[in-house]
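Written out below as structure tokens is the structure these notes cover.
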Amino acid sequence: MNRINPKYIPLAATALVMIALYVLGCVLYPNFTSPRVIVNLFGDNAFLGIAAVGATFVILSGGIDLSVGAVIAFIGIFIASMIASGMQPLVAIVLALVVGTVFGAVQGSLIRVFDLPPFLVTLGGMFFMRGMAFVVRQESLAIKHSFYQQTIRQLVIPLAPRVNIPFTAMCLIAVVVVATYVCVYTRFGRNVYAIGSSENSALLMGVPVGGTKIGIYALAGFFSALAGCVSTFYMQSGNPASFVGLELDAIAAVVVGGTLLTGGVGFVPGTLMGVLILGLIQTLITFQGNLNTWWTRIAIGVLLLLFIVLQKAIAGRGRA
Amino acid sequence: MKKLILLSSALVVALSGCGKKETSTSEPSGGGGKSVSVGFSQIGAESAWRTANSQSIKDEAQKRGIKLVFSDAQQKQENQIKALRSFIAQNVDVIAFSPVVETGWEPVLQEIKQAGIPVILTDRAVDVSDPSLYATFIGSDFVEEGRRAAQWLADKTGGKAQIAELVGTPGSAPALDRKKGFEEVLAKYPDMKIIKSQSGDFTRAKGKEVMESFLKAPDAKQITALFAHNDDMALGAIQAMEEAGVKPGSEITIVSIDGVKAAFEAMTAGKLNCTVECNPLIGPQLFDSIDAVLAKKDLPRRIVVQEGVFDQSKAAAELPNRKY
Amino acid sequence: MSDSLLEVRGLSKSFPGVRALQGVDFTVRRGEIHALMGENGAGKSTLIKVMTGVYERDAGTTRLDAKEIFPRSPREAEACGISTVYQEVNLIPHLSVAENICLGRQPTAFGKIRWGAIMQRATQALARLDLDIDPSRQLSACSIAIQQMVALARAMDVSAKLLILDEPTSSLDERECEELFKVIRKLRDEGMGIVFVTHFMDQVYAVTNRITVLRNGQLVGEYLTSELPRLELVARMIGKDAKEVAAMESQQPGMRSVRDEKPFLEVRNFGRKGSIAPLDLSIRPGEVVGLAGLLGSGRTETARIIFGVDKPDCGEMFLDGERVSISSPRAAIRRRIAFTAEDRKIDGIIPNLSIRENIVLALQASRGTWSKLSRAKQDELADKFIKALRIKTPGPEQLIKNLSGGNQQKVLLGRWLATEPRLIILDEPTRGIDVGAKAEIEKLITDLRRDGLAILFISSELEEVVRTSQRVVILRDRKKVGELAGDAISEHAIMNQIAAPTAESKAVVDV
Amino acid sequence: MFNITHISFWIVFAALLFFTRKQRILWPLLALALLLLFNDIFTPGFFNLELREGHLYGTLIDILKHGGIVMLVSLGMTLVIATGGVDLSVGAVMAVAGAVLAQAAINHQSPFVAMIFALLVSLVLGAWNGLLVAGIGIQPIVATLILMVAGRGVAQLITEGQILNFTDATLVYIANGYLLGMPFTCTLVLVLLAVTYALTRGTALGLFIESVGDNDIASRYAGVNSRFVKFIAYVFAGFCAGLAGLVAASNIKSADANHAGLYAELDAILAVVIGGTALTGGRFYLLGSIVGALLIQTLTTTMYARNVSADIAPVPKALVVIAVCLLQSDKARRYFTRLFPRRNPPAAMTETLTAAAPKVEAGS
């Protein structure tokens, strides 16, 4: 017990809660054991998961990104209207990813160059992107292109009879694997931890703080844009009014996943577990079938509280 | 570690408590044979109309002893899609839902089709290329509602009106269709014109705020009529008019859509002129169709909800009947 | 020895309103340890920060190995061969020791970090310094001294030509310092150039070969350590005649006698695990008790438990003979105890508030939220202390962050004097302030003592302790090791106690 | 266009700008003046004021009336931000307060009992935030995020998912009534402003809040009960949010748990920051926050008046956020002054420049 590094305790707690929720579902509802439930968890939460991975990097560096939901909505409607105006889907997706990355980089530059608080800059970013989404188009727009209606739909891995792993779930898993690799095995990833733990020290240790910071927000922008793309695969449409408040779910998932909001400690797989926990709560409430869905918010709130108090307790003990 | 165990056990207790509640509230009344289960995904609980709609469906399910899995999407399409997919996992017999927006349903509907579950749409339609994705659509004809509102207004004013319009949430089906139907009829009357139009988001607060700004424009005096896409916005606008010293219902003729109780109260008070009913009580019709679908009977593609047009003359008589 | 490694010529740097460096020349040769000396504000820090790329210079050239360099970030400086160890450990607490050593230059293969190689390199780097630390350990779990060694290991990990040590010893004890010196002597013998910044005079004479002195952003001169007597060095640093300094040093108050009163504060067997071993201490009204010892010997920790910042886990405390327990600074203030903390910036000033607000804060806090001091009363207090303490400021509404260190310290003293304390604990009140202000504060302490205050005085500078204290308590390794009173107080005696071997220190005689 | 009220308005405003030329509040006032001037020239009827039914009527009055909610919230938010924190839950607290009010009114409680009940509940919610931040020491963003997420759910539970309508004249008066020809909300804001001013400047609380926000540790060493100070700030923010919740509910004579106070937290934070209080804490400016709230509302009302679709309204808002951020950033201002050197930089600017100087040598 003493040998366990205290920074892994929140991660263990997250895993435990996740398993407990799943077992609870299986005990209460017979259909919960269906592999479809698990496939749905990954597929339905893919865009949230991808955005949360981006948020993990930002939070690891000690920042915060409130623009996530608005960027996803913007990218969705952007892709939809580009395709509607005759652009090749792949070109539109690449363009969207570039736009998202550039937007993130601009946010990062404002934060870095002018020393502005990330909270305010990304708040401005959120307003801006939400408005721009409506500038692109005021209404939702379906994507009608064979790439979407056939190619993407066929990109599945059969798991059980009539149960397929959808492309969105594959995207999520790929993103988690790549992001974990980036965190553990690249200098950029380690620099993110260093900056989040102590920006000043990182600077004096020769970490390229400026570039890394801009890179982190650019990466978060990229992941948000990717989440936007995945949302178009998921819904085959774009809607400027969608994903309001998604950033809060993403932050909640990151915190529940064991990442310290002050930065410096955290794990991408933990974030995935956090997303799955939020999804499980929602699924449980849907299966229950009669509970006001507002209980979802309350349950997430309670869970957040428990995890934050847990982190606090561990941090307090670590210091003593 | 102890804390963790405590924490997780607390969660288990909390949620199993919920679980127990479920078994007691939605127990299928023994109707003989295998009980039918229906998954219904509702948009949210954003207005009185919507809650009446939900209640009607819940009541009817209970009356017929059908197990209803009800899910509220909090206005979010992604939540609704999640709910639909979870219905598949739960193996319900029929899925019904009121879509938040028209687009974006194709993939999940395909999946439902593959799972062999029939789908019934309520309230709002969807935009899909394959019509076999749903069995039928029960709902009001929003275009028709718009037409009725325009027709009533034309009859009332003798075809002469300068109209301010409070539009619903941009991009939503009711907002688009009601506007379309309204303008269709207006085209026949050259002296009726929409001179102001802005979104009031279907909410009272926004309706009030937008109306206030209408009334402050230099050409405010020209407004003789108001068309609100729902009652809530009209009620907000009435407040704005009263504050501006404009008499709602006489100086400005007001027509709106929905027919909620508060609208009838406003009509009896002489502040609202007409509401075109948009009936939320679709429970009986919905479950009739579900029975028909399960019995493999053919259904019409479109089932229109019965609704009427009420003006001040009928309001007093109708008011006691209004439950929502 | 004329083999110059680093040549800085005509370096200038100004900040808005301040000319921090004016045409400074600085030369470091291969295989020497070069002390960079100067009072606070002399420009040492700026010079180092320009060399390490933290600041951009306005004018001047830097040559390393006869090649002109222009580092714009610590990273570029490192790439040129300049490594730095800073005063406060500037490492990443949440990462492992190994990663801290290799951060920013981890060995990679096709962009993938090779963790095995990191461990190996870290182990080697630690071995080179004869350190036995598990490189996979999280840094925050290590002691400060170990962290400082890790920082040195990190600096050594690159093939550095020039090593800059910016006050590396301030958080190390004597033994650890010796370890450090052993290492840097070894590095010197390997041909490295080392710049050593410290304010411990002994250390300068113990390890350095050469001294460069700066004053007010200008070069005073470069000297061979062996040819510059201590007194001369001090004189050059403060820009005064050597005789004057000698006179200053000999200024003895000659007032070791204390009124025979009952102690105001008395603690018995008072301690806290991990901070300070149980000790006895008493302070009488009108008495200055010096707390001497090296940094990290438990001086600040003692002050903190007396003031209620940390809770003691054993012992008793008496005020005026009455047993009390103080659980928070607020409780201490209510008992008329005051405490100026060691780190003015973190624990003392409220930077964006005015001098007036800073002065009334403690008094107001002791009165509570609801009985506000009237503005007239506040102005009166502010004026009184600005005059009495001779705070140099255009007016009481000036923000305290715009004052010099010495004046900030005076404002903080004013803050506490406004509460009319009976005991005041001064933790390094003269740290980081210029000589003139130092003398003023020393005089103030003496005046306060005459007014009947009990004073606990903590300082790293022994002369200061000797000059002002009636009694001196000596701490070492978080333990009280001795106490001197009256004429027994002398720098020599204190040093003896501090340096005494551990075995003897156990036989402590209580007074 | 050039009537008497009009000209006198601008004279008063110009005088205001002149007298505040050396204070922080100049910036938001100047921005407000520019926006109003723009409307004066390009938006017909924007400045029309008339007497209708015994009270003033016009777009300007609307701004005051609708800005009331953000103004109320921002007063509490100012104190929280000054302690170095932030309260994200105010929108949710508004929804809960409205829900409690409506539920109590529907259950035939007297209007005053209903109001007291709603305010008590919001005090409790504020205390909950205070407990998490000051008691347990959780980071404010996270601590208040909990209530932000869960609070609206609680409001929804109280209203049972319905929009609850009420008709009580007293309750309706809060947002719709007029006192001395001005909207009653103005009176409410003025009273709360006076109360806040008395609470912070009449006592030592203001000094303590600023010192805690500026340097928490040093304040504690000076004997300031920093936990208590923070706790009070969150409780007060809860109270202000509750009051705003009453206004929001009264405005539409109903409690709408979904929409009441949506994004109020963002608007309030924005108002506070525009008003000159730094997000990092320290000095606070109550009047600045009021002006900030007015600026935001003027922006929104301008959108309506100019018939700009409400959906793209966030874009200009975003630009204002970034512009305000840049104005507040010392670094950006330095860039700016380098671009446009001038002889007499405003007071705020010289202050930062001289402040930069001693910092330089601090490390040595």
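The chains in the structure tokens are called A, B, ... from first to last as shown; in each chain the residues are counted from 1, and the ligands are counted from 1 in the order shown.
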Within 6 Å of Ala169 (chain A) using only C-alpha atoms, minus same-chain residues under 4 positions, as a JSON list (two decimals) with N, CA and C atoms, in the first residue's frame:
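Result written to out_35.json:
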```
[["chain", "number", "residue", "atom", "x", "y", "z"],
["A", 42, "PHE", "N", -18.50, 3.67, -26.28],
["A", 42, "PHE", "CA", -17.38, 4.24, -27.03],
["A", 42, "PHE", "C", -17.86, 5.07, -28.20],
["A", 43, "GLY", "N", -18.83, 4.53, -28.93],
["A", 43, "GLY", "CA", -19.29, 5.21, -30.14],
["A", 43, "GLY", "C", -20.00, 6.52, -29.84],
["A", 46, "ALA", "N", -17.67, 9.33, -28.48],
["A", 46, "ALA", "CA", -16.41, 9.51, -29.20],
["A", 46, "ALA", "C", -16.01, 10.99, -29.26]]
```
### Message
Could you list, as a PyMOL selection string, every residue within 8 Å of Asn269 (chain C), counting only C-alpha atoms and ignoring same-chain residues fewer than 4 positions away?
### Response
chain C and resi 278-280+314-316
### Task
Give as JSON, numbers by chain every residue of chain A that touches chain C within 7 Å, counting only C-alpha atoms.
{"A": [185, 186, 187, 194, 197, 198, 201, 204, 205, 206, 207, 264, 265]}
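The coordinates place CA of Gln151 (chain B) at 16.7 Å from CA of Ile252 (chain B).
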Within 10 Å of chain D: residues of chain B, using only C-alpha atoms, as a PDB file with N, CA and C atoms, in the first residue's frame:
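File written: part_28.pdb
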```
ATOM      1  N   GLY B  44     -37.032  17.576 -24.327  1.00  0.00           N
ATOM      2  CA  GLY B  44     -36.633  18.174 -23.058  1.00  0.00           C
ATOM      3  C   GLY B  44     -37.863  18.532 -22.267  1.00  0.00           C
ATOM      4  N   ALA B  45     -37.722  19.515 -21.425  1.00  0.00           N
ATOM      5  CA  ALA B  45     -38.868  19.966 -20.631  1.00  0.00           C
ATOM      6  C   ALA B  45     -38.865  21.479 -20.664  1.00  0.00           C
ATOM      7  N   GLU B  46     -38.701  22.037 -21.877  1.00  0.00           N
ATOM      8  CA  GLU B  46     -38.431  23.470 -21.973  1.00  0.00           C
ATOM      9  C   GLU B  46     -39.673  24.340 -21.875  1.00  0.00           C
ATOM     10  N   SER B  47     -40.874  23.785 -22.098  1.00  0.00           N
ATOM     11  CA  SER B  47     -42.055  24.635 -22.065  1.00  0.00           C
ATOM     12  C   SER B  47     -43.244  23.871 -21.505  1.00  0.00           C
ATOM     13  N   ALA B  48     -44.266  24.609 -21.189  1.00  0.00           N
ATOM     14  CA  ALA B  48     -45.475  23.993 -20.667  1.00  0.00           C
ATOM     15  C   ALA B  48     -46.034  23.002 -21.688  1.00  0.00           C
ATOM     16  N   TRP B  49     -45.947  23.382 -22.958  1.00  0.00           N
ATOM     17  CA  TRP B  49     -46.428  22.524 -24.029  1.00  0.00           C
ATOM     18  C   TRP B  49     -45.719  21.181 -23.974  1.00  0.00           C
ATOM     19  N   ARG B  50     -44.397  21.253 -23.826  1.00  0.00           N
ATOM     20  CA  ARG B  50     -43.587  20.048 -23.861  1.00  0.00           C
ATOM     21  C   ARG B  50     -43.909  19.143 -22.684  1.00  0.00           C
ATOM     22  N   THR B  51     -44.063  19.724 -21.507  1.00  0.00           N
ATOM     23  CA  THR B  51     -44.350  18.871 -20.348  1.00  0.00           C
ATOM     24  C   THR B  51     -45.731  18.228 -20.485  1.00  0.00           C
ATOM     25  N   ALA B  52     -46.673  18.947 -21.058  1.00  0.00           N
ATOM     26  CA  ALA B  52     -47.990  18.364 -21.285  1.00  0.00           C
ATOM     27  C   ALA B  52     -47.877  17.188 -22.246  1.00  0.00           C
ATOM     28  N   GLN B  74     -32.667  16.955 -22.790  1.00  0.00           N
ATOM     29  CA  GLN B  74     -32.192  18.294 -22.411  1.00  0.00           C
ATOM     30  C   GLN B  74     -31.803  19.123 -23.631  1.00  0.00           C
ATOM     31  N   GLN B  75     -32.613  19.095 -24.626  1.00  0.00           N
ATOM     32  CA  GLN B  75     -32.430  19.884 -25.873  1.00  0.00           C
ATOM     33  C   GLN B  75     -31.206  19.489 -26.678  1.00  0.00           C
ATOM     34  N   THR B 169     -37.011  29.233 -32.321  1.00  0.00           N
ATOM     35  CA  THR B 169     -35.583  28.950 -32.359  1.00  0.00           C
ATOM     36  C   THR B 169     -35.139  28.771 -33.803  1.00  0.00           C
ATOM     37  N   PRO B 170     -34.104  29.501 -34.215  1.00  0.00           N
ATOM     38  CA  PRO B 170     -33.698  29.436 -35.607  1.00  0.00           C
ATOM     39  C   PRO B 170     -33.350  28.000 -35.998  1.00  0.00           C
ATOM     40  N   LYS B 196     -41.400  43.461 -39.328  1.00  0.00           N
ATOM     41  CA  LYS B 196     -40.306  43.160 -38.380  1.00  0.00           C
ATOM     42  C   LYS B 196     -40.318  41.675 -38.092  1.00  0.00           C
ATOM     43  N   SER B 197     -39.125  41.092 -38.001  1.00  0.00           N
ATOM     44  CA  SER B 197     -39.067  39.668 -37.707  1.00  0.00           C
ATOM     45  C   SER B 197     -37.752  39.358 -37.011  1.00  0.00           C
ATOM     46  N   GLN B 198     -37.850  38.754 -35.831  1.00  0.00           N
ATOM     47  CA  GLN B 198     -36.630  38.380 -35.101  1.00  0.00           C
ATOM     48  C   GLN B 198     -36.901  37.147 -34.266  1.00  0.00           C
ATOM     49  N   SER B 199     -35.823  36.463 -33.916  1.00  0.00           N
ATOM     50  CA  SER B 199     -35.992  35.245 -33.133  1.00  0.00           C
ATOM     51  C   SER B 199     -36.194  35.565 -31.661  1.00  0.00           C
ATOM     52  N   GLY B 200     -37.209  34.948 -31.077  1.00  0.00           N
ATOM     53  CA  GLY B 200     -37.430  35.059 -29.636  1.00  0.00           C
ATOM     54  C   GLY B 200     -37.164  33.740 -28.949  1.00  0.00           C
ATOM     55  N   ASP B 201     -36.585  32.791 -29.725  1.00  0.00           N
ATOM     56  CA  ASP B 201     -36.108  31.534 -29.140  1.00  0.00           C
ATOM     57  C   ASP B 201     -37.181  30.711 -28.437  1.00  0.00           C
ATOM     58  N   THR B 203     -38.886  31.455 -26.070  1.00  0.00           N
ATOM     59  CA  THR B 203     -38.979  31.680 -24.618  1.00  0.00           C
ATOM     60  C   THR B 203     -39.655  33.011 -24.318  1.00  0.00           C
ATOM     61  N   ARG B 204     -40.238  33.069 -23.125  1.00  0.00           N
ATOM     62  CA  ARG B 204     -40.963  34.239 -22.711  1.00  0.00           C
ATOM     63  C   ARG B 204     -40.038  35.451 -22.572  1.00  0.00           C
ATOM     64  N   ALA B 205     -38.876  35.193 -21.934  1.00  0.00           N
ATOM     65  CA  ALA B 205     -37.966  36.305 -21.654  1.00  0.00           C
ATOM     66  C   ALA B 205     -37.481  36.940 -22.950  1.00  0.00           C
ATOM     67  N   LYS B 206     -37.088  36.103 -23.903  1.00  0.00           N
ATOM     68  CA  LYS B 206     -36.597  36.627 -25.175  1.00  0.00           C
ATOM     69  C   LYS B 206     -37.714  37.303 -25.957  1.00  0.00           C
ATOM     70  N   GLY B 207     -38.910  36.687 -25.914  1.00  0.00           N
ATOM     71  CA  GLY B 207     -40.044  37.268 -26.621  1.00  0.00           C
ATOM     72  C   GLY B 207     -40.308  38.683 -26.126  1.00  0.00           C
ATOM     73  N   LYS B 208     -40.190  38.838 -24.818  1.00  0.00           N
ATOM     74  CA  LYS B 208     -40.432  40.134 -24.217  1.00  0.00           C
ATOM     75  C   LYS B 208     -39.359  41.137 -24.660  1.00  0.00           C
ATOM     76  N   GLU B 209     -38.112  40.682 -24.579  1.00  0.00           N
ATOM     77  CA  GLU B 209     -37.001  41.581 -24.884  1.00  0.00           C
ATOM     78  C   GLU B 209     -37.050  42.025 -26.358  1.00  0.00           C
ATOM     79  N   VAL B 210     -37.352  41.094 -27.243  1.00  0.00           N
ATOM     80  CA  VAL B 210     -37.382  41.431 -28.666  1.00  0.00           C
ATOM     81  C   VAL B 210     -38.555  42.372 -28.968  1.00  0.00           C
ATOM     82  N   MET B 211     -39.705  42.073 -28.340  1.00  0.00           N
ATOM     83  CA  MET B 211     -40.869  42.925 -28.576  1.00  0.00           C
ATOM     84  C   MET B 211     -40.576  44.354 -28.122  1.00  0.00           C
ATOM     85  N   GLU B 212     -39.883  44.454 -26.993  1.00  0.00           N
ATOM     86  CA  GLU B 212     -39.528  45.786 -26.498  1.00  0.00           C
ATOM     87  C   GLU B 212     -38.743  46.561 -27.533  1.00  0.00           C
ATOM     88  N   SER B 213     -37.787  45.856 -28.172  1.00  0.00           N
ATOM     89  CA  SER B 213     -36.976  46.591 -29.142  1.00  0.00           C
ATOM     90  C   SER B 213     -37.797  46.921 -30.396  1.00  0.00           C
ATOM     91  N   PHE B 214     -38.767  46.033 -30.739  1.00  0.00           N
ATOM     92  CA  PHE B 214     -39.675  46.355 -31.855  1.00  0.00           C
ATOM     93  C   PHE B 214     -40.400  47.656 -31.561  1.00  0.00           C
ATOM     94  N   LEU B 215     -40.894  47.746 -30.329  1.00  0.00           N
ATOM     95  CA  LEU B 215     -41.753  48.866 -29.973  1.00  0.00           C
ATOM     96  C   LEU B 215     -40.981  50.178 -29.898  1.00  0.00           C
ATOM     97  N   LYS B 216     -39.667  50.048 -29.830  1.00  0.00           N
ATOM     98  CA  LYS B 216     -38.891  51.269 -29.709  1.00  0.00           C
ATOM     99  C   LYS B 216     -38.379  51.776 -31.046  1.00  0.00           C
ATOM    100  N   ALA B 217     -38.539  50.969 -32.065  1.00  0.00           N
ATOM    101  CA  ALA B 217     -38.063  51.391 -33.376  1.00  0.00           C
ATOM    102  C   ALA B 217     -38.896  52.579 -33.847  1.00  0.00           C
ATOM    103  N   PRO B 218     -38.337  53.392 -34.717  1.00  0.00           N
ATOM    104  CA  PRO B 218     -39.059  54.597 -35.173  1.00  0.00           C
ATOM    105  C   PRO B 218     -40.382  54.249 -35.851  1.00  0.00           C
ATOM    106  N   ASP B 219     -40.431  53.076 -36.503  1.00  0.00           N
ATOM    107  CA  ASP B 219     -41.673  52.725 -37.211  1.00  0.00           C
ATOM    108  C   ASP B 219     -42.586  51.869 -36.345  1.00  0.00           C
ATOM    109  N   ALA B 220     -42.370  51.900 -35.035  1.00  0.00           N
ATOM    110  CA  ALA B 220     -43.152  51.044 -34.143  1.00  0.00           C
ATOM    111  C   ALA B 220     -44.645  51.323 -34.244  1.00  0.00           C
ATOM    112  N   ASP B 232     -45.684  31.220 -25.520  1.00  0.00           N
ATOM    113  CA  ASP B 232     -44.770  31.796 -24.527  1.00  0.00           C
ATOM    114  C   ASP B 232     -44.214  33.138 -24.996  1.00  0.00           C
ATOM    115  N   LEU B 235     -46.879  35.755 -24.861  1.00  0.00           N
ATOM    116  CA  LEU B 235     -47.145  36.220 -23.499  1.00  0.00           C
ATOM    117  C   LEU B 235     -46.077  37.214 -23.061  1.00  0.00           C
ATOM    118  N   GLY B 236     -44.836  36.918 -23.439  1.00  0.00           N
ATOM    119  CA  GLY B 236     -43.769  37.871 -23.141  1.00  0.00           C
ATOM    120  C   GLY B 236     -44.007  39.190 -23.845  1.00  0.00           C
ATOM    121  N   GLN B 239     -46.539  41.448 -22.249  1.00  0.00           N
ATOM    122  CA  GLN B 239     -45.964  42.227 -21.140  1.00  0.00           C
ATOM    123  C   GLN B 239     -45.233  43.461 -21.661  1.00  0.00           C
ATOM    124  N   ALA B 240     -44.469  43.243 -22.713  1.00  0.00           N
ATOM    125  CA  ALA B 240     -43.699  44.364 -23.273  1.00  0.00           C
ATOM    126  C   ALA B 240     -44.639  45.460 -23.737  1.00  0.00           C
ATOM    127  N   GLU B 242     -47.704  46.085 -22.684  1.00  0.00           N
ATOM    128  CA  GLU B 242     -48.340  46.767 -21.556  1.00  0.00           C
ATOM    129  C   GLU B 242     -47.414  47.810 -20.964  1.00  0.00           C
ATOM    130  N   GLU B 243     -46.132  47.445 -20.872  1.00  0.00           N
ATOM    131  CA  GLU B 243     -45.179  48.406 -20.318  1.00  0.00           C
ATOM    132  C   GLU B 243     -45.004  49.618 -21.223  1.00  0.00           C
ATOM    133  N   ALA B 244     -45.168  49.375 -22.523  1.00  0.00           N
ATOM    134  CA  ALA B 244     -44.991  50.476 -23.470  1.00  0.00           C
ATOM    135  C   ALA B 244     -46.266  51.302 -23.591  1.00  0.00           C
ATOM    136  N   GLY B 245     -47.297  50.894 -22.868  1.00  0.00           N
ATOM    137  CA  GLY B 245     -48.547  51.629 -22.941  1.00  0.00           C
ATOM    138  C   GLY B 245     -49.351  51.332 -24.195  1.00  0.00           C
ATOM    139  N   VAL B 246     -48.996  50.240 -24.843  1.00  0.00           N
ATOM    140  CA  VAL B 246     -49.748  49.813 -26.022  1.00  0.00           C
ATOM    141  C   VAL B 246     -50.734  48.754 -25.544  1.00  0.00           C
ATOM    142  N   ALA B 262     -52.196  29.318 -20.244  1.00  0.00           N
ATOM    143  CA  ALA B 262     -51.942  30.746 -20.008  1.00  0.00           C
ATOM    144  C   ALA B 262     -52.427  31.590 -21.178  1.00  0.00           C
ATOM    145  N   TYR B 324     -53.076  22.119 -19.358  1.00  0.00           N
ATOM    146  CA  TYR B 324     -51.641  22.442 -19.393  1.00  0.00           C
ATOM    147  C   TYR B 324     -51.398  23.889 -19.733  1.00  0.00           C
TER     148      TYR B 324
END
```
Residues of chain C at most 8 Å from chain D: nearest atom pair and distance in Å, only C-alpha atoms, as JSON lines:
```
{"residue": "C:Phe15", "atom": "CA", "partner": "D:Ala357", "partner_atom": "CA", "distance": 6.2}
{"residue": "C:Pro16", "atom": "CA", "partner": "D:Ala357", "partner_atom": "CA", "distance": 5.8}
{"residue": "C:Gly17", "atom": "CA", "partner": "D:Ala357", "partner_atom": "CA", "distance": 6.0}
{"residue": "C:Val18", "atom": "CA", "partner": "D:Ala357", "partner_atom": "CA", "distance": 6.2}
{"residue": "C:Ala20", "atom": "CA", "partner": "D:Glu361", "partner_atom": "CA", "distance": 7.9}
{"residue": "C:Asn40", "atom": "CA", "partner": "D:Ser364", "partner_atom": "CA", "distance": 5.7}
{"residue": "C:Gly41", "atom": "CA", "partner": "D:Glu361", "partner_atom": "CA", "distance": 5.6}
{"residue": "C:Gly43", "atom": "CA", "partner": "D:Glu361", "partner_atom": "CA", "distance": 7.4}
{"residue": "C:Lys44", "atom": "CA", "partner": "D:Ser364", "partner_atom": "CA", "distance": 6.5}
{"residue": "C:Ser45", "atom": "CA", "partner": "D:Ser364", "partner_atom": "CA", "distance": 4.9}
{"residue": "C:Thr46", "atom": "CA", "partner": "D:Glu361", "partner_atom": "CA", "distance": 7.4}
{"residue": "C:Val309", "atom": "CA", "partner": "D:Tyr221", "partner_atom": "CA", "distance": 7.8}
{"residue": "C:Pro329", "atom": "CA", "partner": "D:Gly223", "partner_atom": "CA", "distance": 5.6}
{"residue": "C:Arg330", "atom": "CA", "partner": "D:Gly223", "partner_atom": "CA", "distance": 4.4}
{"residue": "C:Ile333", "atom": "CA", "partner": "D:Gly223", "partner_atom": "CA", "distance": 6.6}
{"residue": "C:Phe339", "atom": "CA", "partner": "D:Tyr221", "partner_atom": "CA", "distance": 7.6}
{"residue": "C:Ile346", "atom": "CA", "partner": "D:Ala218", "partner_atom": "CA", "distance": 6.5}
{"residue": "C:Asp347", "atom": "CA", "partner": "D:Ala218", "partner_atom": "CA", "distance": 4.1}
{"residue": "C:Gly348", "atom": "CA", "partner": "D:Ala218", "partner_atom": "CA", "distance": 4.8}
{"residue": "C:Ile349", "atom": "CA", "partner": "D:Ala218", "partner_atom": "CA", "distance": 6.4}
{"residue": "C:Ile350", "atom": "CA", "partner": "D:Asn215", "partner_atom": "CA", "distance": 5.5}
{"residue": "C:Pro351", "atom": "CA", "partner": "D:Asp214", "partner_atom": "CA", "distance": 7.0}
{"residue": "C:Asn352", "atom": "CA", "partner": "D:Asp214", "partner_atom": "CA", "distance": 6.7}
{"residue": "C:Leu353", "atom": "CA", "partner": "D:Ser211", "partner_atom": "CA", "distance": 7.3}
{"residue": "C:Glu357", "atom": "CA", "partner": "D:Leu207", "partner_atom": "CA", "distance": 7.5}
{"residue": "C:Leu361", "atom": "CA", "partner": "D:Ala222", "partner_atom": "CA", "distance": 6.7}
{"residue": "C:Ala362", "atom": "CA", "partner": "D:Ala222", "partner_atom": "CA", "distance": 4.8}
{"residue": "C:Gln364", "atom": "CA", "partner": "D:Ala204", "partner_atom": "CA", "distance": 7.1}
{"residue": "C:Ala365", "atom": "CA", "partner": "D:Val224", "partner_atom": "CA", "distance": 5.1}
{"residue": "C:Ser366", "atom": "CA", "partner": "D:Gly223", "partner_atom": "CA", "distance": 6.6}
{"residue": "C:Gly368", "atom": "CA", "partner": "D:Ala204", "partner_atom": "CA", "distance": 7.6}
{"residue": "C:Thr369", "atom": "CA", "partner": "D:Ala204", "partner_atom": "CA", "distance": 4.9}
{"residue": "C:Trp370", "atom": "CA", "partner": "D:Thr203", "partner_atom": "CA", "distance": 5.1}
{"residue": "C:Ser371", "atom": "CA", "partner": "D:Thr203", "partner_atom": "CA", "distance": 6.3}
{"residue": "C:Lys372", "atom": "CA", "partner": "D:Thr203", "partner_atom": "CA", "distance": 5.0}
{"residue": "C:Leu373", "atom": "CA", "partner": "D:Ala204", "partner_atom": "CA", "distance": 7.7}
{"residue": "C:Lys401", "atom": "CA", "partner": "D:Ala355", "partner_atom": "CA", "distance": 6.8}
{"residue": "C:Asn402", "atom": "CA", "partner": "D:Ala355", "partner_atom": "CA", "distance": 5.5}
{"residue": "C:Leu403", "atom": "CA", "partner": "D:Pro358", "partner_atom": "CA", "distance": 7.5}
{"residue": "C:Ser404", "atom": "CA", "partner": "D:Pro358", "partner_atom": "CA", "distance": 7.0}
{"residue": "C:Gly432", "atom": "CA", "partner": "D:Ser364", "partner_atom": "CA", "distance": 7.8}
```
